[in-house]
Amino acid sequence: MNGQNAGMSERPPSVDALARSLAGTGLPHPLLVDVARAAIAAGAPDEAAARAEALRRTLLTPVINATGVLLHTNLGRAPLSHHQEARAQSVELDLATGGRGSRQRAVGQLLARLCGAEAAMVVNNNAAAVLVVLAALAAGRQVVVSRGESVEIGGGFRVPEVLEQSGASLVDVGTTNRTRLDDYRRAIGRNGADVALVLKVHPSNYRVEGFVEDTAVEELATLGVPVVADVGSGLLDATCPWWPGPHPPPWLAGEPGAQQTLAAGASLVMFSGDKLLGGPQAGIIVGRAELVERCQRHPLARAVRPGGLVLAALQDVALAFLRRDVCTTVPFWRMAATPIDALRARAERLAGPVAAVTAVATEALPGAGSAPGATIPSSGVALDGDHLEELRAQPVPIVARARDGCTVLDLRGVDPADDEAIAVALSALALST
């Protein structure tokens with residue numbers, strides 16, 4: 001009898017019973033059944049809870065960005081809160097006529113107004129914006145690009161490969177570090193009518209310094225072919241008239257603005273919606289109406305068009321720029337504009353109760369290839385050792401950085417409402433070390 005009882009006690013639990021015991025994880029029952037089945041098959045039903053937690057951690061989840069990189073690509077770039085009621089929306093309805101309208105009209109007119117452009121359109125990211133422009137305006141023809149701007153940026157976006165996919169062919173001019181107006185002029189002279197346009201590309205996440213020279217849009221506009229500029233980061237106006245202090249802020253000095261690039265003679269300008277604009281992921285094309293219309297008519301435009309949620313969120317951001325209240329209503333600009341004294345005070349409050357934690361001066365970064373090399377004075381807290389894994393394991397994961405044998409949490413990208421969660425985590429870490 002005792003042998004029979006021992007054998008029975010070693011039998012694994014039923015899959016359903018084990019799955020139901022994990023209901024507190026918040027995962028749907030079908031996923032918990034998968035977890036339970038895998039744990040039992042591995043001969044470790046007692047590990048089911050850990051497996052469920054590991055699965056939960058693979059899903060999208062809010063995190064606290066204490067890295068000091070405000071537009072962190074791995075964390076979704078610009079943080080943005082957007083809410084709309086679950087109601088039908090006039091995405092492609094012309095309310096005046098009752099007929100079908102354009103999904104580009106509502107947001108397009110606002111972005112055109114902000115950039116001083118004749119027209120604008122939106123696609124789902126800036127890589128798509130570049131692809132659509134090249135496919136619509138240069139397929140089967142040549143595009144002249146400086147060798148110093150034939151770049152690769154994050155995610156494997158390579159200018160030569162995008163050109164190839166568009167059906168256009170690349171004509172490299174100049175050298176890696178120096179490209180003059182005559183380099184462009186000679187290439188256009190050699191190739192004549194085969195040249196569709198000149199493409200100028202923002203260097204994004206790198207900078208060449210020293211013996212360098214490039215050619216400004218204003219000079220390129222004298223060549224007699226359309227100039228298309230990928231300014232990448234999405235700064236609408238280089239003067240930053242919405243900034244509360246002297247503008248532009250020092251960390252944006254020299255960053256090209258869409259408005260100024262168009263004024264200098266660019267026919268079209270493309271940029272991202274989720275970088276310095278502070279909006280949702282999107283690619284924005286602004287410029288001459290006839291060229292924007294050709295882009296809108298191209299078959300690729302339908303394949304990469306945004307949905308109503310993106311358009312509504314982008315509309316909110318555009319209206320904030322027009323109201324000039326961006327630094328209070330758009331999270332990225334609110335974080336960037338937070339006074340350094342306020343950040344120091346928060347750091348001191350967090351460090352005060354925990355002897356192992358100290359308040360430190362830090363340097364934050366715009367991030368996502370925006371304003372490469374620029375930093376923003378910031379403040380945070382530090383403690384000895386590498387605690388990145390423990391911080392990511394918090395109920396709301398905290399993403400920080402480790403450097404020189406210590407862990408640093410930069411507060412410029414942290415909402416003040418999250419300071420309490422950081423305080424709890426720091427206290428627990430101090431007790432465990």
# chains A, B, ... in the order shown; residues from 1 in each chain; ligands from 1

$ residues_around --residues "Arg37 in chain A" --least-positions-apart "6" --cutoff "9 Å" --atoms "only C-alpha atoms" --output "list of chain:residue names"
A:Ser14, A:Val15, A:Asp16, A:Leu18, A:Ala19, A:Pro45, A:Ala48

$ select_by_dssp --residues "range 309-372 of chain A" --states "strand (DSSP E or B)" --output "count of residues only"
10

$ select_by_dssp --residues "range 266-431 of chain A" --states "alpha helix (DSSP H)" --output "PyMOL selection string"
chain A and resi 289-297+299-303+308-323+326-329+331-337+340-351+388-392+419-431

$ residues_around --residues "range 421-433 of chain A" --least-positions-apart "2" --cutoff "12 Å" --atoms "only C-alpha atoms" --output "PyMOL selection string"
chain A and resi 63-66+346-358+380-400+407-411+414-419

$ write_last_selection --atoms "N, CA and C atoms" --output "compact mmCIF listing (two decimals), in the first residue's frame"
# COMPACT_ATOMS: atom_id res chain seq x y z
N VAL A 63 7.87 49.92 -19.63
CA VAL A 63 9.12 49.92 -18.88
C VAL A 63 9.44 51.35 -18.47
N ILE A 64 10.36 51.47 -17.51
CA ILE A 64 10.87 52.77 -17.09
C ILE A 64 12.22 52.98 -17.77
N ASN A 65 12.32 54.02 -18.57
CA ASN A 65 13.54 54.28 -19.33
C ASN A 65 14.48 55.15 -18.51
N ALA A 66 15.43 54.52 -17.83
CA ALA A 66 16.42 55.25 -17.04
C ALA A 66 17.80 55.18 -17.70
N ARG A 346 15.19 65.59 -7.65
CA ARG A 346 14.63 64.24 -7.65
C ARG A 346 15.71 63.20 -7.33
N ALA A 347 16.89 63.38 -7.91
CA ALA A 347 17.99 62.44 -7.65
C ALA A 347 18.37 62.44 -6.18
N GLU A 348 18.42 63.60 -5.58
CA GLU A 348 18.78 63.69 -4.16
C GLU A 348 17.72 63.06 -3.27
N ARG A 349 16.45 63.21 -3.65
CA ARG A 349 15.39 62.56 -2.86
C ARG A 349 15.49 61.04 -2.96
N LEU A 350 15.83 60.53 -4.14
CA LEU A 350 15.96 59.08 -4.30
C LEU A 350 17.18 58.54 -3.57
N ALA A 351 18.26 59.30 -3.57
CA ALA A 351 19.49 58.82 -2.95
C ALA A 351 19.48 58.98 -1.44
N GLY A 352 18.75 59.95 -0.93
CA GLY A 352 18.79 60.26 0.50
C GLY A 352 18.57 59.10 1.44
N PRO A 353 17.49 58.31 1.29
CA PRO A 353 17.21 57.24 2.26
C PRO A 353 18.11 56.01 2.14
N VAL A 354 18.90 55.91 1.09
CA VAL A 354 19.67 54.68 0.83
C VAL A 354 21.15 55.03 0.80
N ALA A 355 21.89 54.56 1.80
CA ALA A 355 23.30 54.93 1.91
C ALA A 355 24.13 54.48 0.72
N ALA A 356 23.75 53.37 0.11
CA ALA A 356 24.55 52.83 -1.00
C ALA A 356 24.31 53.56 -2.31
N VAL A 357 23.33 54.47 -2.33
CA VAL A 357 22.96 55.16 -3.57
C VAL A 357 23.40 56.61 -3.49
N THR A 358 23.99 57.12 -4.57
CA THR A 358 24.43 58.51 -4.59
C THR A 358 23.81 59.24 -5.78
N GLY A 380 21.03 61.89 -12.11
CA GLY A 380 20.49 60.57 -11.81
C GLY A 380 21.07 60.03 -10.52
N VAL A 381 20.95 58.73 -10.35
CA VAL A 381 21.48 58.07 -9.15
C VAL A 381 22.35 56.89 -9.58
N ALA A 382 23.29 56.53 -8.71
CA ALA A 382 24.21 55.44 -9.03
C ALA A 382 24.45 54.59 -7.79
N LEU A 383 24.72 53.30 -8.03
CA LEU A 383 25.15 52.40 -6.96
C LEU A 383 26.16 51.42 -7.53
N ASP A 384 27.06 50.97 -6.67
CA ASP A 384 28.14 50.10 -7.12
C ASP A 384 27.61 48.77 -7.65
N GLY A 385 28.31 48.23 -8.66
CA GLY A 385 27.97 46.93 -9.20
C GLY A 385 27.05 47.02 -10.41
N ASP A 386 26.92 45.90 -11.09
CA ASP A 386 26.04 45.80 -12.25
C ASP A 386 24.72 45.17 -11.81
N HIS A 387 23.66 45.98 -11.78
CA HIS A 387 22.35 45.52 -11.31
C HIS A 387 21.29 45.59 -12.41
N LEU A 388 21.75 45.57 -13.65
CA LEU A 388 20.80 45.73 -14.76
C LEU A 388 19.76 44.62 -14.79
N GLU A 389 20.19 43.38 -14.55
CA GLU A 389 19.25 42.26 -14.61
C GLU A 389 18.20 42.37 -13.51
N GLU A 390 18.65 42.72 -12.30
CA GLU A 390 17.68 42.86 -11.19
C GLU A 390 16.68 43.99 -11.46
N LEU A 391 17.16 45.07 -12.07
CA LEU A 391 16.25 46.18 -12.36
C LEU A 391 15.23 45.79 -13.43
N ARG A 392 15.67 45.02 -14.42
CA ARG A 392 14.73 44.58 -15.45
C ARG A 392 13.71 43.60 -14.90
N ALA A 393 14.01 42.95 -13.77
CA ALA A 393 13.10 41.97 -13.18
C ALA A 393 12.06 42.61 -12.26
N GLN A 394 12.08 43.93 -12.12
CA GLN A 394 11.10 44.61 -11.27
C GLN A 394 9.69 44.48 -11.86
N PRO A 395 8.65 44.64 -11.03
CA PRO A 395 7.26 44.55 -11.54
C PRO A 395 7.03 45.42 -12.78
N VAL A 396 7.52 46.65 -12.72
CA VAL A 396 7.62 47.46 -13.94
C VAL A 396 9.12 47.51 -14.25
N PRO A 397 9.55 46.83 -15.32
CA PRO A 397 10.98 46.74 -15.59
C PRO A 397 11.63 48.13 -15.69
N ILE A 398 12.80 48.24 -15.07
CA ILE A 398 13.58 49.47 -15.12
C ILE A 398 14.81 49.20 -15.99
N VAL A 399 14.97 49.99 -17.04
CA VAL A 399 16.10 49.81 -17.95
C VAL A 399 17.09 50.92 -17.67
N ALA A 400 18.29 50.55 -17.22
CA ALA A 400 19.31 51.53 -16.85
C ALA A 400 20.58 51.24 -17.65
N THR A 407 26.04 51.00 -11.54
CA THR A 407 24.78 51.11 -12.28
C THR A 407 24.25 52.52 -12.13
N VAL A 408 23.91 53.14 -13.25
CA VAL A 408 23.44 54.53 -13.26
C VAL A 408 22.01 54.57 -13.80
N LEU A 409 21.15 55.29 -13.09
CA LEU A 409 19.77 55.52 -13.54
C LEU A 409 19.62 57.00 -13.83
N ASP A 410 19.55 57.35 -15.10
CA ASP A 410 19.40 58.74 -15.52
C ASP A 410 17.92 59.12 -15.45
N LEU A 411 17.61 60.26 -14.86
CA LEU A 411 16.22 60.62 -14.60
C LEU A 411 15.56 61.47 -15.68
N VAL A 414 12.75 59.66 -17.25
CA VAL A 414 11.85 59.00 -16.30
C VAL A 414 10.73 59.95 -15.89
N ASP A 415 9.50 59.51 -16.03
CA ASP A 415 8.38 60.30 -15.56
C ASP A 415 8.45 60.39 -14.03
N PRO A 416 8.25 61.57 -13.44
CA PRO A 416 8.29 61.69 -11.98
C PRO A 416 7.36 60.70 -11.26
N ALA A 417 6.28 60.30 -11.93
CA ALA A 417 5.36 59.34 -11.31
C ALA A 417 6.01 57.99 -11.09
N ASP A 418 7.13 57.72 -11.77
CA ASP A 418 7.82 56.44 -11.63
C ASP A 418 8.94 56.48 -10.59
N ASP A 419 9.15 57.63 -9.97
CA ASP A 419 10.22 57.73 -8.97
C ASP A 419 9.99 56.77 -7.80

$ residues_around --residues "Ala301 in chain A" --least-positions-apart "3" --cutoff "10 Å" --atoms "only C-alpha atoms" --output "VMD selection string"
chain A and resid 121 to 124 128 to 129 131 to 133 135 to 136 294 to 298 304 to 306

$ residues_around --residues "Val35 in chain A" --least-positions-apart "2" --cutoff "8 Å" --atoms "only C-alpha atoms" --output "list of chain:residue names"
A:Ala19, A:Leu31, A:Leu32, A:Val33, A:Arg37, A:Ala38, A:Ala39, A:Ala48, A:Arg51, A:Ala52

$ write_last_selection --atoms "N, CA and C atoms" --output "PDB file, in the first residue's frame"
ATOM      1  N   ALA A  19      -2.366  24.431 -15.221  1.00  0.00           N
ATOM      2  CA  ALA A  19      -2.640  25.688 -15.918  1.00  0.00           C
ATOM      3  C   ALA A  19      -3.513  26.609 -15.074  1.00  0.00           C
ATOM      4  N   LEU A  31      -2.594  29.965 -23.243  1.00  0.00           N
ATOM      5  CA  LEU A  31      -1.138  30.088 -23.102  1.00  0.00           C
ATOM      6  C   LEU A  31      -0.644  29.346 -21.867  1.00  0.00           C
ATOM      7  N   LEU A  32      -1.431  29.391 -20.801  1.00  0.00           N
ATOM      8  CA  LEU A  32      -1.041  28.681 -19.584  1.00  0.00           C
ATOM      9  C   LEU A  32      -1.075  27.166 -19.790  1.00  0.00           C
ATOM     10  N   VAL A  33      -2.007  26.698 -20.615  1.00  0.00           N
ATOM     11  CA  VAL A  33      -2.035  25.273 -20.958  1.00  0.00           C
ATOM     12  C   VAL A  33      -0.751  24.891 -21.679  1.00  0.00           C
ATOM     13  N   ARG A  37       1.844  22.206 -20.155  1.00  0.00           N
ATOM     14  CA  ARG A  37       2.182  21.023 -20.934  1.00  0.00           C
ATOM     15  C   ARG A  37       3.705  20.905 -21.130  1.00  0.00           C
ATOM     16  N   ALA A  38       4.361  22.044 -21.406  1.00  0.00           N
ATOM     17  CA  ALA A  38       5.812  22.023 -21.609  1.00  0.00           C
ATOM     18  C   ALA A  38       6.545  21.688 -20.318  1.00  0.00           C
ATOM     19  N   ALA A  39       6.063  22.233 -19.196  1.00  0.00           N
ATOM     20  CA  ALA A  39       6.726  21.959 -17.917  1.00  0.00           C
ATOM     21  C   ALA A  39       6.595  20.492 -17.535  1.00  0.00           C
ATOM     22  N   ALA A  48       6.707  25.506 -13.685  1.00  0.00           N
ATOM     23  CA  ALA A  48       5.678  26.087 -14.555  1.00  0.00           C
ATOM     24  C   ALA A  48       5.495  27.584 -14.296  1.00  0.00           C
ATOM     25  N   ARG A  51       8.219  29.443 -15.918  1.00  0.00           N
ATOM     26  CA  ARG A  51       8.024  29.441 -17.367  1.00  0.00           C
ATOM     27  C   ARG A  51       6.935  30.441 -17.780  1.00  0.00           C
ATOM     28  N   ALA A  52       5.876  30.515 -16.989  1.00  0.00           N
ATOM     29  CA  ALA A  52       4.798  31.464 -17.296  1.00  0.00           C
ATOM     30  C   ALA A  52       5.305  32.898 -17.197  1.00  0.00           C
TER      31      ALA A  52
END

$ residues_around --residues "Thr179 in chain A" --least-positions-apart "3" --cutoff "6 Å" --atoms "only C-alpha atoms" --output "ChimeraX atom specification"
/A:174-175,213-214

$ closest_residue --among "A:Ala264, A:Val171, A:Ala253, A:Ala336" --to "Glu219 in chain A" --atoms "only C-alpha atoms"
A:Ala264

$ atom_distance --atom1 "CA of Cys240 in chain A" --atom2 "CA of Ser272 in chain A"
17.0 Å

$ decode --residues "range 323-364 of chain A" --atoms "C-alpha atoms" --output "PDB file, in the first residue's frame"
ATOM      1  CA  ARG A 323      -0.446  75.765 -30.279  1.00  0.00           C
ATOM      2  CA  ARG A 324       3.210  76.062 -29.167  1.00  0.00           C
ATOM      3  CA  ASP A 325       2.532  74.002 -26.032  1.00  0.00           C
ATOM      4  CA  VAL A 326       4.737  71.088 -27.125  1.00  0.00           C
ATOM      5  CA  CYS A 327       7.023  71.265 -24.087  1.00  0.00           C
ATOM      6  CA  THR A 328       4.113  70.598 -21.750  1.00  0.00           C
ATOM      7  CA  THR A 329       1.962  68.225 -23.818  1.00  0.00           C
ATOM      8  CA  VAL A 330       4.384  66.075 -25.880  1.00  0.00           C
ATOM      9  CA  PRO A 331       6.352  63.711 -23.587  1.00  0.00           C
ATOM     10  CA  PHE A 332       9.683  63.846 -25.447  1.00  0.00           C
ATOM     11  CA  TRP A 333       9.802  67.628 -25.418  1.00  0.00           C
ATOM     12  CA  ARG A 334       8.576  67.759 -21.834  1.00  0.00           C
ATOM     13  CA  MET A 335      11.457  65.456 -20.772  1.00  0.00           C
ATOM     14  CA  ALA A 336      13.993  67.432 -22.796  1.00  0.00           C
ATOM     15  CA  ALA A 337      12.802  70.743 -21.316  1.00  0.00           C
ATOM     16  CA  THR A 338      12.822  69.627 -17.654  1.00  0.00           C
ATOM     17  CA  PRO A 339      15.139  72.034 -15.783  1.00  0.00           C
ATOM     18  CA  ILE A 340      18.342  70.444 -14.517  1.00  0.00           C
ATOM     19  CA  ASP A 341      17.615  71.714 -10.978  1.00  0.00           C
ATOM     20  CA  ALA A 342      14.388  69.701 -10.910  1.00  0.00           C
ATOM     21  CA  LEU A 343      16.268  66.555 -11.945  1.00  0.00           C
ATOM     22  CA  ARG A 344      18.945  67.121  -9.279  1.00  0.00           C
ATOM     23  CA  ALA A 345      16.276  67.514  -6.606  1.00  0.00           C
ATOM     24  CA  ARG A 346      14.627  64.235  -7.650  1.00  0.00           C
ATOM     25  CA  ALA A 347      17.985  62.440  -7.647  1.00  0.00           C
ATOM     26  CA  GLU A 348      18.782  63.693  -4.161  1.00  0.00           C
ATOM     27  CA  ARG A 349      15.386  62.562  -2.862  1.00  0.00           C
ATOM     28  CA  LEU A 350      15.956  59.080  -4.303  1.00  0.00           C
ATOM     29  CA  ALA A 351      19.494  58.818  -2.949  1.00  0.00           C
ATOM     30  CA  GLY A 352      18.788  60.265   0.500  1.00  0.00           C
ATOM     31  CA  PRO A 353      17.207  57.243   2.259  1.00  0.00           C
ATOM     32  CA  VAL A 354      19.671  54.678   0.832  1.00  0.00           C
ATOM     33  CA  ALA A 355      23.304  54.929   1.912  1.00  0.00           C
ATOM     34  CA  ALA A 356      24.548  52.828  -0.999  1.00  0.00           C
ATOM     35  CA  VAL A 357      22.962  55.156  -3.569  1.00  0.00           C
ATOM     36  CA  THR A 358      24.427  58.508  -4.595  1.00  0.00           C
ATOM     37  CA  ALA A 359      23.090  61.364  -6.704  1.00  0.00           C
ATOM     38  CA  VAL A 360      25.279  61.954  -9.765  1.00  0.00           C
ATOM     39  CA  ALA A 361      25.542  64.352 -12.680  1.00  0.00           C
ATOM     40  CA  THR A 362      24.916  62.626 -16.016  1.00  0.00           C
ATOM     41  CA  GLU A 363      24.679  63.417 -19.715  1.00  0.00           C
ATOM     42  CA  ALA A 364      21.512  62.357 -21.535  1.00  0.00           C
TER      43      ALA A 364
END
